[in-house]
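Listing of structure-v1.cif; format and content: mmCIF, N, CA and C atoms.
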```
data_start
loop_
_atom_site.label_atom_id
_atom_site.label_comp_id
_atom_site.auth_asym_id
_atom_site.auth_seq_id
_atom_site.Cartn_x
_atom_site.Cartn_y
_atom_site.Cartn_z
N MET D 1 0.81 -1.20 0.00
CA MET D 1 0.00 0.00 0.00
C MET D 1 0.85 1.27 0.00
N ASN D 2 2.07 1.19 0.47
CA ASN D 2 2.92 2.35 0.56
C ASN D 2 3.27 2.89 -0.84
N TRP D 3 3.50 2.02 -1.80
CA TRP D 3 3.83 2.46 -3.15
C TRP D 3 2.63 3.13 -3.81
N LEU D 4 1.42 2.74 -3.42
CA LEU D 4 0.20 3.35 -3.96
C LEU D 4 0.08 4.80 -3.50
N ASN D 5 0.44 5.07 -2.27
CA ASN D 5 0.44 6.46 -1.78
C ASN D 5 1.47 7.30 -2.53
N GLY D 6 2.60 6.72 -2.84
CA GLY D 6 3.62 7.43 -3.62
C GLY D 6 3.13 7.79 -5.01
N VAL D 7 2.45 6.87 -5.66
CA VAL D 7 1.88 7.12 -6.99
C VAL D 7 0.81 8.21 -6.92
N ALA D 8 0.01 8.17 -5.87
CA ALA D 8 -1.04 9.19 -5.69
C ALA D 8 -0.42 10.57 -5.47
N ASP D 9 0.66 10.64 -4.72
CA ASP D 9 1.34 11.91 -4.49
C ASP D 9 1.92 12.47 -5.79
N ILE D 10 2.52 11.60 -6.57
CA ILE D 10 3.08 12.03 -7.87
C ILE D 10 1.97 12.51 -8.79
N ALA D 11 0.84 11.82 -8.80
CA ALA D 11 -0.29 12.24 -9.64
C ALA D 11 -0.83 13.59 -9.18
N THR D 12 -0.86 13.83 -7.89
CA THR D 12 -1.33 15.11 -7.35
C THR D 12 -0.42 16.25 -7.79
N VAL D 13 0.87 16.04 -7.69
CA VAL D 13 1.83 17.06 -8.10
C VAL D 13 1.74 17.30 -9.60
N ALA D 14 1.63 16.25 -10.39
CA ALA D 14 1.51 16.40 -11.85
C ALA D 14 0.25 17.16 -12.23
N THR D 15 -0.84 16.90 -11.53
CA THR D 15 -2.10 17.60 -11.79
C THR D 15 -1.95 19.09 -11.47
N ALA D 16 -1.31 19.41 -10.36
CA ALA D 16 -1.12 20.80 -9.98
C ALA D 16 -0.24 21.54 -11.00
N ILE D 17 0.82 20.89 -11.44
CA ILE D 17 1.71 21.52 -12.42
C ILE D 17 0.97 21.75 -13.74
N THR D 18 0.18 20.79 -14.16
CA THR D 18 -0.60 20.93 -15.39
C THR D 18 -1.61 22.08 -15.26
N ALA D 19 -2.26 22.19 -14.12
CA ALA D 19 -3.23 23.27 -13.91
C ALA D 19 -2.54 24.64 -13.94
N ILE D 20 -1.39 24.76 -13.32
CA ILE D 20 -0.66 26.02 -13.30
C ILE D 20 -0.22 26.39 -14.72
N CYS D 21 0.28 25.44 -15.49
CA CYS D 21 0.70 25.71 -16.88
C CYS D 21 -0.49 26.11 -17.74
N GLY D 22 -1.61 25.43 -17.55
CA GLY D 22 -2.81 25.76 -18.32
C GLY D 22 -3.32 27.15 -18.01
N TYR D 23 -3.33 27.53 -16.75
CA TYR D 23 -3.80 28.86 -16.36
C TYR D 23 -2.84 29.94 -16.88
N GLY D 24 -1.55 29.67 -16.80
CA GLY D 24 -0.57 30.62 -17.34
C GLY D 24 -0.73 30.81 -18.84
N SER D 25 -0.98 29.73 -19.55
CA SER D 25 -1.20 29.80 -20.99
C SER D 25 -2.46 30.62 -21.31
N TYR D 26 -3.50 30.42 -20.53
CA TYR D 26 -4.75 31.17 -20.70
C TYR D 26 -4.51 32.67 -20.48
N LEU D 27 -3.77 33.03 -19.44
CA LEU D 27 -3.50 34.44 -19.16
C LEU D 27 -2.66 35.08 -20.26
N LEU D 28 -1.67 34.34 -20.76
CA LEU D 28 -0.84 34.88 -21.85
C LEU D 28 -1.65 35.08 -23.12
N ALA D 29 -2.52 34.14 -23.45
CA ALA D 29 -3.36 34.27 -24.65
C ALA D 29 -4.31 35.46 -24.51
N ARG D 30 -4.86 35.64 -23.32
CA ARG D 30 -5.77 36.76 -23.07
C ARG D 30 -5.04 38.09 -23.20
N ARG D 31 -3.83 38.17 -22.67
CA ARG D 31 -3.03 39.39 -22.76
C ARG D 31 -2.67 39.68 -24.21
N LYS D 32 -2.31 38.64 -24.97
CA LYS D 32 -1.96 38.82 -26.38
C LYS D 32 -3.16 39.35 -27.17
N ARG D 33 -4.35 38.81 -26.92
CA ARG D 33 -5.55 39.31 -27.60
C ARG D 33 -5.79 40.78 -27.28
N ARG D 34 -5.63 41.14 -26.00
CA ARG D 34 -5.85 42.53 -25.59
C ARG D 34 -4.87 43.46 -26.29
N LEU D 35 -3.60 43.09 -26.35
CA LEU D 35 -2.60 43.92 -27.02
C LEU D 35 -2.81 43.96 -28.52
N ASP D 36 -3.24 42.86 -29.13
CA ASP D 36 -3.52 42.84 -30.57
C ASP D 36 -4.66 43.78 -30.93
N VAL D 37 -5.73 43.75 -30.14
CA VAL D 37 -6.87 44.64 -30.39
C VAL D 37 -6.44 46.09 -30.21
N GLU D 38 -5.69 46.36 -29.16
CA GLU D 38 -5.20 47.72 -28.90
C GLU D 38 -4.33 48.22 -30.05
N THR D 39 -3.41 47.39 -30.53
CA THR D 39 -2.51 47.78 -31.61
C THR D 39 -3.27 48.04 -32.91
N LEU D 40 -4.24 47.19 -33.21
CA LEU D 40 -5.03 47.37 -34.42
C LEU D 40 -5.80 48.68 -34.38
N LEU D 41 -6.43 48.97 -33.26
CA LEU D 41 -7.20 50.21 -33.14
C LEU D 41 -6.29 51.43 -33.08
N GLU D 42 -5.10 51.28 -32.54
CA GLU D 42 -4.16 52.40 -32.45
C GLU D 42 -3.70 52.84 -33.84
N ARG D 43 -3.58 51.89 -34.76
CA ARG D 43 -3.17 52.22 -36.13
C ARG D 43 -4.27 52.90 -36.93
N LYS D 44 -5.49 52.80 -36.48
CA LYS D 44 -6.63 53.41 -37.17
C LYS D 44 -6.71 54.87 -36.75
N ASN D 45 -6.26 55.78 -37.60
CA ASN D 45 -6.20 57.18 -37.18
C ASN D 45 -6.77 58.15 -38.22
N LYS D 46 -7.75 57.74 -38.97
CA LYS D 46 -8.40 58.64 -39.92
C LYS D 46 -9.21 59.67 -39.14
N PRO D 47 -9.23 60.90 -39.58
CA PRO D 47 -9.92 61.94 -38.81
C PRO D 47 -11.42 61.70 -38.62
N ASN D 48 -12.11 61.26 -39.65
CA ASN D 48 -13.56 61.11 -39.54
C ASN D 48 -14.00 59.72 -39.11
N ASP D 49 -13.16 58.73 -39.28
CA ASP D 49 -13.54 57.37 -38.93
C ASP D 49 -12.36 56.67 -38.28
N ASP D 50 -12.24 56.82 -36.97
CA ASP D 50 -11.12 56.22 -36.26
C ASP D 50 -11.56 55.05 -35.40
N SER D 51 -12.69 54.44 -35.74
CA SER D 51 -13.18 53.29 -34.98
C SER D 51 -13.47 52.13 -35.93
N LEU D 52 -13.58 50.94 -35.37
CA LEU D 52 -13.92 49.74 -36.12
C LEU D 52 -15.05 49.02 -35.40
N THR D 53 -15.83 48.28 -36.16
CA THR D 53 -16.85 47.46 -35.51
C THR D 53 -16.18 46.23 -34.90
N VAL D 54 -16.87 45.63 -33.95
CA VAL D 54 -16.35 44.43 -33.31
C VAL D 54 -16.11 43.34 -34.34
N SER D 55 -17.02 43.21 -35.30
CA SER D 55 -16.88 42.18 -36.33
C SER D 55 -15.66 42.42 -37.22
N GLN D 56 -15.37 43.69 -37.53
CA GLN D 56 -14.20 44.01 -38.33
C GLN D 56 -12.92 43.64 -37.59
N VAL D 57 -12.86 43.98 -36.31
CA VAL D 57 -11.68 43.64 -35.52
C VAL D 57 -11.53 42.12 -35.43
N ALA D 58 -12.64 41.43 -35.20
CA ALA D 58 -12.61 39.96 -35.09
C ALA D 58 -12.10 39.34 -36.39
N ALA D 59 -12.56 39.85 -37.52
CA ALA D 59 -12.14 39.30 -38.81
C ALA D 59 -10.66 39.54 -39.06
N LYS D 60 -10.17 40.72 -38.72
CA LYS D 60 -8.76 41.03 -38.97
C LYS D 60 -7.82 40.24 -38.07
N LEU D 61 -8.27 39.91 -36.86
CA LEU D 61 -7.40 39.22 -35.91
C LEU D 61 -7.71 37.73 -35.77
N ASN D 62 -8.65 37.23 -36.55
CA ASN D 62 -9.07 35.82 -36.48
C ASN D 62 -9.52 35.43 -35.08
N LEU D 63 -10.36 36.26 -34.49
CA LEU D 63 -10.93 36.01 -33.18
C LEU D 63 -12.44 35.95 -33.29
N THR D 64 -13.10 35.53 -32.23
CA THR D 64 -14.55 35.60 -32.19
C THR D 64 -14.95 36.97 -31.66
N ASP D 65 -16.21 37.35 -31.89
CA ASP D 65 -16.69 38.63 -31.37
C ASP D 65 -16.58 38.68 -29.85
N GLU D 66 -16.85 37.56 -29.18
CA GLU D 66 -16.78 37.53 -27.72
C GLU D 66 -15.36 37.75 -27.22
N GLN D 67 -14.37 37.21 -27.93
CA GLN D 67 -12.98 37.42 -27.54
C GLN D 67 -12.57 38.88 -27.71
N VAL D 68 -13.05 39.51 -28.76
CA VAL D 68 -12.75 40.92 -29.00
C VAL D 68 -13.40 41.78 -27.92
N ILE D 69 -14.64 41.49 -27.58
CA ILE D 69 -15.33 42.26 -26.55
C ILE D 69 -14.63 42.09 -25.20
N GLU D 70 -14.22 40.88 -24.88
CA GLU D 70 -13.51 40.64 -23.62
C GLU D 70 -12.20 41.41 -23.59
N ALA D 71 -11.46 41.40 -24.70
CA ALA D 71 -10.18 42.11 -24.76
C ALA D 71 -10.39 43.61 -24.63
N ALA D 72 -11.42 44.14 -25.25
CA ALA D 72 -11.69 45.58 -25.18
C ALA D 72 -12.18 45.98 -23.80
N TYR D 73 -12.98 45.13 -23.19
CA TYR D 73 -13.53 45.43 -21.87
C TYR D 73 -12.43 45.50 -20.82
N ASN D 74 -11.41 44.70 -20.96
CA ASN D 74 -10.31 44.66 -20.01
C ASN D 74 -9.20 45.66 -20.33
N ASN D 75 -9.43 46.57 -21.26
CA ASN D 75 -8.41 47.52 -21.67
C ASN D 75 -8.91 48.94 -21.43
N LYS D 76 -8.15 49.71 -20.67
CA LYS D 76 -8.55 51.09 -20.37
C LYS D 76 -8.32 52.05 -21.53
N LYS D 77 -7.59 51.61 -22.56
CA LYS D 77 -7.28 52.47 -23.69
C LYS D 77 -8.29 52.32 -24.83
N ILE D 78 -9.27 51.45 -24.66
CA ILE D 78 -10.26 51.22 -25.71
C ILE D 78 -11.63 51.61 -25.19
N GLU D 79 -12.36 52.33 -26.02
CA GLU D 79 -13.69 52.80 -25.67
C GLU D 79 -14.71 52.16 -26.61
N GLY D 80 -15.78 51.66 -26.06
CA GLY D 80 -16.85 51.08 -26.87
C GLY D 80 -17.98 52.06 -27.07
N SER D 81 -18.69 51.92 -28.18
CA SER D 81 -19.83 52.79 -28.45
C SER D 81 -20.80 52.08 -29.39
N GLU D 82 -21.99 52.62 -29.47
CA GLU D 82 -22.98 52.13 -30.42
C GLU D 82 -22.70 52.73 -31.79
N GLY D 83 -22.91 51.97 -32.83
CA GLY D 83 -22.73 52.48 -34.18
C GLY D 83 -23.88 53.38 -34.59
N GLN D 84 -23.75 54.01 -35.74
CA GLN D 84 -24.78 54.93 -36.21
C GLN D 84 -26.06 54.21 -36.58
N THR D 85 -25.94 52.95 -36.97
CA THR D 85 -27.14 52.19 -37.33
C THR D 85 -27.82 51.59 -36.11
N GLY D 86 -27.19 51.71 -34.95
CA GLY D 86 -27.83 51.24 -33.73
C GLY D 86 -27.39 49.87 -33.27
N GLY D 87 -27.33 48.90 -34.16
CA GLY D 87 -27.00 47.55 -33.76
C GLY D 87 -25.52 47.24 -33.73
N GLN D 88 -24.71 48.11 -34.30
CA GLN D 88 -23.28 47.86 -34.37
C GLN D 88 -22.60 48.28 -33.08
N ARG D 89 -21.66 47.47 -32.65
CA ARG D 89 -20.81 47.86 -31.53
C ARG D 89 -19.48 48.28 -32.11
N ARG D 90 -19.05 49.50 -31.82
CA ARG D 90 -17.80 50.02 -32.36
C ARG D 90 -16.79 50.19 -31.25
N LEU D 91 -15.51 50.02 -31.60
CA LEU D 91 -14.41 50.18 -30.67
C LEU D 91 -13.49 51.28 -31.17
N LYS D 92 -12.98 52.07 -30.24
CA LYS D 92 -12.13 53.20 -30.59
C LYS D 92 -10.98 53.27 -29.60
N PHE D 93 -9.78 53.56 -30.10
CA PHE D 93 -8.60 53.71 -29.25
C PHE D 93 -8.62 55.12 -28.66
N ILE D 94 -8.44 55.23 -27.35
CA ILE D 94 -8.41 56.52 -26.68
C ILE D 94 -6.97 57.02 -26.68
N ARG D 95 -6.74 58.11 -27.37
CA ARG D 95 -5.40 58.67 -27.47
C ARG D 95 -5.14 59.57 -26.28
N SER D 96 -3.94 59.51 -25.75
CA SER D 96 -3.60 60.36 -24.61
C SER D 96 -3.41 61.79 -25.08
N SER D 97 -3.80 62.74 -24.26
CA SER D 97 -3.73 64.16 -24.64
C SER D 97 -2.58 64.83 -23.92
N ASN D 98 -1.38 64.30 -24.12
CA ASN D 98 -0.19 64.86 -23.46
C ASN D 98 0.25 66.11 -24.16
#
```
Just dump the structure as structure tokens.
Amino acid sequence: MNWLNGVADIATVATAITAICGYGSYLLARRKRRLDVETLLERKNKPNDDSLTVSQVAAKLNLTDEQVIEAAYNNKKIEGSEGQTGGQRRLKFIRSSN
């Protein structure tokens, strides 16, 4: 029975290491999405149209709309708004006024 406890301990440690690696990978992917959305919107600097719809951002970055919304929601440099047609969600990069 003693060797069985040793195997259980090893399995517990392996499970913990796998969980930590998985969570770290999730956080890195989330950060990358946030920075990608920010960079894309930062390059959009036309005077009359400096925003993109969520669907446009999703298409350019190969993400889902939900991933784009999550990335924008967690970013203080991105502002969301309703589009002129009402149903569109638009994202805009907030430029600092230094």
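Among the candidates D:Ile94, D:Leu28, D:Arg33, D:Glu82, the residue lying nearest to Gln67 of chain D is D:Arg33 (atoms considered: all atoms listed in the file).
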Separation of atom N of Ile69 of chain D from atom CA of Arg31 of chain D in Å: 12.7 Å
Expand the PyMOL selection byres ((chain D and resi 55) around 8) into the explicit residue set it covers here, and present it as a ChimeraX atom specification. /D:52-54,56-61,64-65,68,88-91
Put those residues in a file: N, CA and C atoms, as a PDB file, in the coordinates of the input.
```pdb
ATOM      1  N   LEU D  52     -13.580  50.940 -35.370  1.00  0.00           N
ATOM      2  CA  LEU D  52     -13.920  49.740 -36.120  1.00  0.00           C
ATOM      3  C   LEU D  52     -15.050  49.020 -35.400  1.00  0.00           C
ATOM      4  N   THR D  53     -15.830  48.280 -36.160  1.00  0.00           N
ATOM      5  CA  THR D  53     -16.850  47.460 -35.510  1.00  0.00           C
ATOM      6  C   THR D  53     -16.180  46.230 -34.900  1.00  0.00           C
ATOM      7  N   VAL D  54     -16.870  45.630 -33.950  1.00  0.00           N
ATOM      8  CA  VAL D  54     -16.350  44.430 -33.310  1.00  0.00           C
ATOM      9  C   VAL D  54     -16.110  43.340 -34.340  1.00  0.00           C
ATOM     10  N   GLN D  56     -15.370  43.690 -37.530  1.00  0.00           N
ATOM     11  CA  GLN D  56     -14.200  44.010 -38.330  1.00  0.00           C
ATOM     12  C   GLN D  56     -12.920  43.640 -37.590  1.00  0.00           C
ATOM     13  N   VAL D  57     -12.860  43.980 -36.310  1.00  0.00           N
ATOM     14  CA  VAL D  57     -11.680  43.640 -35.520  1.00  0.00           C
ATOM     15  C   VAL D  57     -11.530  42.120 -35.430  1.00  0.00           C
ATOM     16  N   ALA D  58     -12.640  41.430 -35.200  1.00  0.00           N
ATOM     17  CA  ALA D  58     -12.610  39.960 -35.090  1.00  0.00           C
ATOM     18  C   ALA D  58     -12.100  39.340 -36.390  1.00  0.00           C
ATOM     19  N   ALA D  59     -12.560  39.850 -37.520  1.00  0.00           N
ATOM     20  CA  ALA D  59     -12.140  39.300 -38.810  1.00  0.00           C
ATOM     21  C   ALA D  59     -10.660  39.540 -39.060  1.00  0.00           C
ATOM     22  N   LYS D  60     -10.170  40.720 -38.720  1.00  0.00           N
ATOM     23  CA  LYS D  60      -8.760  41.030 -38.970  1.00  0.00           C
ATOM     24  C   LYS D  60      -7.820  40.240 -38.070  1.00  0.00           C
ATOM     25  N   LEU D  61      -8.270  39.910 -36.860  1.00  0.00           N
ATOM     26  CA  LEU D  61      -7.400  39.220 -35.910  1.00  0.00           C
ATOM     27  C   LEU D  61      -7.710  37.730 -35.770  1.00  0.00           C
ATOM     28  N   THR D  64     -13.100  35.530 -32.230  1.00  0.00           N
ATOM     29  CA  THR D  64     -14.550  35.600 -32.190  1.00  0.00           C
ATOM     30  C   THR D  64     -14.950  36.970 -31.660  1.00  0.00           C
ATOM     31  N   ASP D  65     -16.210  37.350 -31.890  1.00  0.00           N
ATOM     32  CA  ASP D  65     -16.690  38.630 -31.370  1.00  0.00           C
ATOM     33  C   ASP D  65     -16.580  38.680 -29.850  1.00  0.00           C
ATOM     34  N   VAL D  68     -13.050  39.510 -28.760  1.00  0.00           N
ATOM     35  CA  VAL D  68     -12.750  40.920 -29.000  1.00  0.00           C
ATOM     36  C   VAL D  68     -13.400  41.780 -27.920  1.00  0.00           C
ATOM     37  N   GLN D  88     -24.710  48.110 -34.300  1.00  0.00           N
ATOM     38  CA  GLN D  88     -23.280  47.860 -34.370  1.00  0.00           C
ATOM     39  C   GLN D  88     -22.600  48.280 -33.080  1.00  0.00           C
ATOM     40  N   ARG D  89     -21.660  47.470 -32.650  1.00  0.00           N
ATOM     41  CA  ARG D  89     -20.810  47.860 -31.530  1.00  0.00           C
ATOM     42  C   ARG D  89     -19.480  48.280 -32.110  1.00  0.00           C
ATOM     43  N   ARG D  90     -19.050  49.500 -31.820  1.00  0.00           N
ATOM     44  CA  ARG D  90     -17.800  50.020 -32.360  1.00  0.00           C
ATOM     45  C   ARG D  90     -16.790  50.190 -31.250  1.00  0.00           C
ATOM     46  N   LEU D  91     -15.510  50.020 -31.600  1.00  0.00           N
ATOM     47  CA  LEU D  91     -14.410  50.180 -30.670  1.00  0.00           C
ATOM     48  C   LEU D  91     -13.490  51.280 -31.170  1.00  0.00           C
TER      49      LEU D  91
END
```
Residues of segment 35-92 of chain D in helix (DSSP H, G or I) according to DSSP, as a list in words?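 Put together, the selection reads Leu35, Asp36, Val37, Glu38, Thr39, Leu40, Leu41, Glu42, Arg43, Val54, Ser55, Gln56, Val57, Ala58, Ala59, Lys60, Leu61, Asp65, Glu66, Gln67, Val68, Ile69, Glu70, Ala71, Ala72 and Tyr73 of chain D.
The interatomic distance for the pair atom CA of Asp49 of chain D and atom CA of Val37 of chain D works out to 16.7 Å.
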Take the PyMOL selection byres ((chain D and resi 34) around 8), run it mentally on this structure, and tell me the resulting residues as a ChimeraX atom specification. /D:28-33,35-40,67-68,70-75
Just give me the gap between atom N of Ile78 of chain D and atom CA of Phe93 of chain D in Å, one decimal is fine. 5.2 Å
